[in-house]
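J.: Just dropping this structure here.
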Amino acid sequence: YKRQVVNPSGAKVGNIGVQIYGEKNGIGTNTSSTGDFKGSLENGTYTAQAGTWSNNTGFAASSQCAIVIADNKVKTPGAGCVNPDGTLRLALRAANFTFTLKNSGVPIQNAHVSIQIGGFHTWAYPDSTGKISLFVDDAVIAAQSEKWGTSTFTPHIYVYPYGDTNGAIEYWCNAGENKPICSQLGTYTIGTPWVDKHLGDIQVLTSNIKIKIVKPTGGESIGEYAYAELIRIDGGYDEWAGWGRTDSQGFAGFYIETSTALATARYKIRVVPPWQNRSLYAAKVWDNGTNGYTYDQLNNLQLALGTPNLKISVVSPNGSTPNKWGWSYLEEVDSVNAGIKWVDSTGLDEFGKSAYTLEASACLKRVCRFSKF
């Protein structure tokens with residue numbers, strides 16, 4: 001059957017992402033240059049949606065549309081995205097929530113931005129000017145949040161600049177917090193329609209702490225897609241303080257609120273290799289000889305990944321297929337296999353492999369999680 005994506009005026013739009021998912025295997029694809037797309041679906045019930053995830057046209061994603069495939073045909077002509085002749089037509093919408101990401105006046109062109117309100121979630125990428133175009137859907141919020149036990153929600157924003165961002169960092173915040181975008185939002189109540197919000201230019205959050213991650217020997221940068229976890233330790237327990245992914249030079253950035261930072265604050269850092277290097281290098285914790293690092297000591301640290309002394313390979317229950325992108329963790333146990341403490345955890349690479357650096361003289365238990373991929 002025919003499928004196409006159009007803009008609010010009805011003109012077909014090329015290079016638009018399409019997702020169709022449901023009780024059977026769905027499809028993920030892009031429209032052609034003429035706005036058409038192809039795919040094959042088994043008989044079943046699905047949800048179809050088109051969005052500007054691969055090509056920001058200034059419009060927001062289409063509404064989510066329920067369709068039924070039976071006898072290899074669309075059998076829901078009453079659905080909002082299905083014409084009487086059975087053709088599928090997904091219409092992008094005029095955005096009701098927009099802003100333009102910039103860093104010192106320069107547009108951020110590589111970023112993933114999302115908003116979550118209750119059970120509703122939508123996301124977009126910027127266009128060449130850094131503009132993000134989203135549609136907050138009142139009907140979907142109401143339908144997907146009815147089991148939450150409340151009608152008032154605090155919107156949650158996630159911003160992830162990637163690549164060489166010149167100091168722009170990933171962050172997340174709730175409406176009302178003193179961070180970009182969130183500081184201009186309030187709570188959302190079902191039954192009160194979302195009021196269009198066009199925030200204009202947004203200066204993204206930038207780092208005031210940079211840490212370089214290098215390979216175990218030689219001091220060579222690990223490059224992009226490694227990450228570091230910043231953990232505060234002076235309170236007598238581990239307190240999450242931030243997370244940063246490395247750029248192409250191997251730098252991970254963090255933002256610490258200096259106006260409220262205490263001189264007594266101490267931090268440790270856990271550095272983790274990129275997915276593709278999970279069997280070559282191991283995660284490692286740096287804590288300055290158990291003393292922790294001060295705020296001033298953190299900046300421009302160069303920290304090496306671990307040299308592994310344990311490598312693992314995890315396969316699916318059939319005994320041969322790699323558990324691609326699964327996950328595993330290690331915990332120390334006593335003589336009857338009762339847990340004592342968490343030791344480390346890591347994701348598996350595309351070959352189901354990973355590596356650890358372990359201390360001697362401990363009894364360990366490994367737990368592996370299955371990946372559907």
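Scheme for the structure tokens: letters A, B, ... for chains in order shown; per-chain residue numbers from 1; ligand numbers from 1 in order shown.
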I'd like the contact shell of His121 in chain A - 12 Å cut-off, only C-alpha atoms, skipping same-chain residues fewer than 2 positions apart - returned as a list in words.
T.: Ala61, Gln64, Val113, Ser114, Ile115, Gln116, Ile117, Gly118, Gly119, Trp123, Ala124, Leu134, Phe135, Val136, Asp137, Asp138, Val140, Ile141, Gln144, Ser145, Pro155, His156, Ile157 and Tyr158 of chain A
J.: Kindly save the residues from that selection, with N, CA, C and O atoms included, as a CSV table (one decimal), in the first residue's frame.
T.:
```csv
chain,number,residue,atom,x,y,z
A,61,ALA,N,6.8,16.5,14.7
A,61,ALA,CA,6.4,15.2,14.3
A,61,ALA,C,4.9,15.1,14.1
A,61,ALA,O,4.1,15.9,14.7
A,64,GLN,N,0.6,10.5,16.6
A,64,GLN,CA,0.7,9.0,16.6
A,64,GLN,C,-0.6,8.5,16.1
A,64,GLN,O,-1.7,8.9,16.6
A,113,VAL,N,17.4,16.6,21.5
A,113,VAL,CA,16.6,17.4,22.5
A,113,VAL,C,15.3,16.7,22.7
A,113,VAL,O,14.6,16.3,21.7
A,114,SER,N,14.9,16.5,23.9
A,114,SER,CA,13.6,15.8,24.2
A,114,SER,C,12.9,16.5,25.3
A,114,SER,O,13.5,17.2,26.2
A,115,ILE,N,11.5,16.3,25.4
A,115,ILE,CA,10.7,16.8,26.5
A,115,ILE,C,9.9,15.6,26.9
A,115,ILE,O,9.3,14.9,26.1
A,116,GLN,N,9.7,15.4,28.2
A,116,GLN,CA,8.9,14.4,28.8
A,116,GLN,C,7.9,15.0,29.7
A,116,GLN,O,8.3,15.8,30.6
A,117,ILE,N,6.6,14.7,29.5
A,117,ILE,CA,5.6,15.2,30.5
A,117,ILE,C,4.7,14.0,30.8
A,117,ILE,O,4.0,13.4,30.0
A,118,GLY,N,4.8,13.5,32.0
A,118,GLY,CA,4.1,12.3,32.4
A,118,GLY,C,4.5,11.1,31.5
A,118,GLY,O,5.7,10.8,31.4
A,119,GLY,N,3.6,10.4,30.9
A,119,GLY,CA,3.9,9.3,30.0
A,119,GLY,C,4.2,9.7,28.6
A,119,GLY,O,4.4,8.9,27.7
A,123,TRP,N,10.9,14.1,20.8
A,123,TRP,CA,12.2,14.6,20.6
A,123,TRP,C,12.5,15.1,19.2
A,123,TRP,O,11.6,14.9,18.3
A,124,ALA,N,13.6,15.9,19.0
A,124,ALA,CA,13.9,16.4,17.7
A,124,ALA,C,15.4,16.7,17.7
A,124,ALA,O,16.1,16.8,18.7
A,134,LEU,N,9.3,21.2,18.2
A,134,LEU,CA,8.6,20.1,18.9
A,134,LEU,C,7.1,20.4,19.0
A,134,LEU,O,6.6,21.5,18.8
A,135,PHE,N,6.3,19.3,19.1
A,135,PHE,CA,4.9,19.5,19.3
A,135,PHE,C,4.5,18.8,20.6
A,135,PHE,O,4.6,17.5,20.7
A,136,VAL,N,4.0,19.5,21.6
A,136,VAL,CA,3.5,19.0,22.8
A,136,VAL,C,2.0,18.6,22.6
A,136,VAL,O,1.2,19.5,22.4
A,137,ASP,N,1.7,17.4,22.7
A,137,ASP,CA,0.4,16.9,22.3
A,137,ASP,C,-0.5,16.6,23.6
A,137,ASP,O,-0.3,15.7,24.3
A,138,ASP,N,-1.5,17.5,23.8
A,138,ASP,CA,-2.3,17.4,25.0
A,138,ASP,C,-3.1,16.1,25.1
A,138,ASP,O,-3.2,15.5,26.1
A,140,VAL,N,-2.3,13.1,23.8
A,140,VAL,CA,-1.4,12.0,24.1
A,140,VAL,C,-1.0,12.0,25.5
A,140,VAL,O,-0.9,11.0,26.2
A,141,ILE,N,-0.7,13.2,26.1
A,141,ILE,CA,-0.3,13.3,27.5
A,141,ILE,C,-1.4,12.8,28.3
A,141,ILE,O,-1.2,12.0,29.3
A,144,GLN,N,-1.7,8.8,27.9
A,144,GLN,CA,-0.6,8.0,28.3
A,144,GLN,C,-0.2,8.3,29.8
A,144,GLN,O,0.7,7.6,30.3
A,145,SER,N,-0.9,9.2,30.5
A,145,SER,CA,-0.6,9.5,31.8
A,145,SER,C,-1.7,9.2,32.8
A,145,SER,O,-1.6,9.6,34.0
A,155,PRO,N,7.4,19.1,33.5
A,155,PRO,CA,8.1,18.7,32.3
A,155,PRO,C,9.6,18.5,32.6
A,155,PRO,O,10.2,19.2,33.4
A,156,HIS,N,10.1,17.5,31.9
A,156,HIS,CA,11.6,17.2,32.0
A,156,HIS,C,12.2,17.4,30.7
A,156,HIS,O,11.7,16.9,29.6
A,157,ILE,N,13.3,18.1,30.6
A,157,ILE,CA,14.1,18.4,29.4
A,157,ILE,C,15.4,17.7,29.4
A,157,ILE,O,16.1,17.6,30.4
A,158,TYR,N,15.8,17.2,28.2
A,158,TYR,CA,17.1,16.6,28.0
A,158,TYR,C,17.7,17.2,26.8
A,158,TYR,O,17.1,17.3,25.7
```
J.: Within 12 Å of Asn288 in chain A, counting only C-alpha atoms, which residues show up once you throw out same-chain ones fewer than 6 positions away? Write them as a list in words, please.
T.: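 The residues satisfying every condition are Ile233, Arg266, Tyr267, Lys268, Ile269, Arg270, Thr294, Gln297, Leu298, Leu301 and Leu303 of chain A.
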J.: So which residues touch Ala139 in chain A within 10 Å, counting only C-alpha atoms, skipping near sequence neighbours fewer than 6 positions away, as a list in words?
T.: Ser63, Phe120, Ile190, Gly191 and Pro193 of chain A
J.: Could you dump the residues just selected with C-alpha atoms as a PDB file, in the first residue's frame?
T.:
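So the final result, stored in part.pdb, reads:
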```
ATOM      1  CA  SER A  63       0.477  12.675  15.575  1.00  0.00           C
ATOM      2  CA  PHE A 120       4.418  11.546  26.961  1.00  0.00           C
ATOM      3  CA  ILE A 190      -4.066  17.833  32.143  1.00  0.00           C
ATOM      4  CA  GLY A 191      -7.141  19.732  31.019  1.00  0.00           C
ATOM      5  CA  PRO A 193      -4.092  23.195  27.015  1.00  0.00           C
TER       6      PRO A 193
END
```
J.: Ranking A:Leu88, A:Glu331, A:Ile132, A:Ile340 by minimum distance to Asp201 in chain A and counting only C-alpha atoms, which one comes first?
T.: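 Residue with the minimum atom-to-atom distance to Asp201 in chain A: A:Ile132.
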J.: For range 310-314 of chain A, find every residue with an atom within 9 Å (counting only C-alpha atoms), except residues of its own chain fewer than 3 positions away, and show them as a VMD selection string.
T.: chain A and resid 279 to 280 319 321 to 324 326 328 348 351 to 358 368
J.: Here is a test: counting only C-alpha atoms, which residue of A:Thr45, A:Ser40, A:Asn208, A:Asn309 is nearest to Val68 in chain A?
T.: A:Thr45
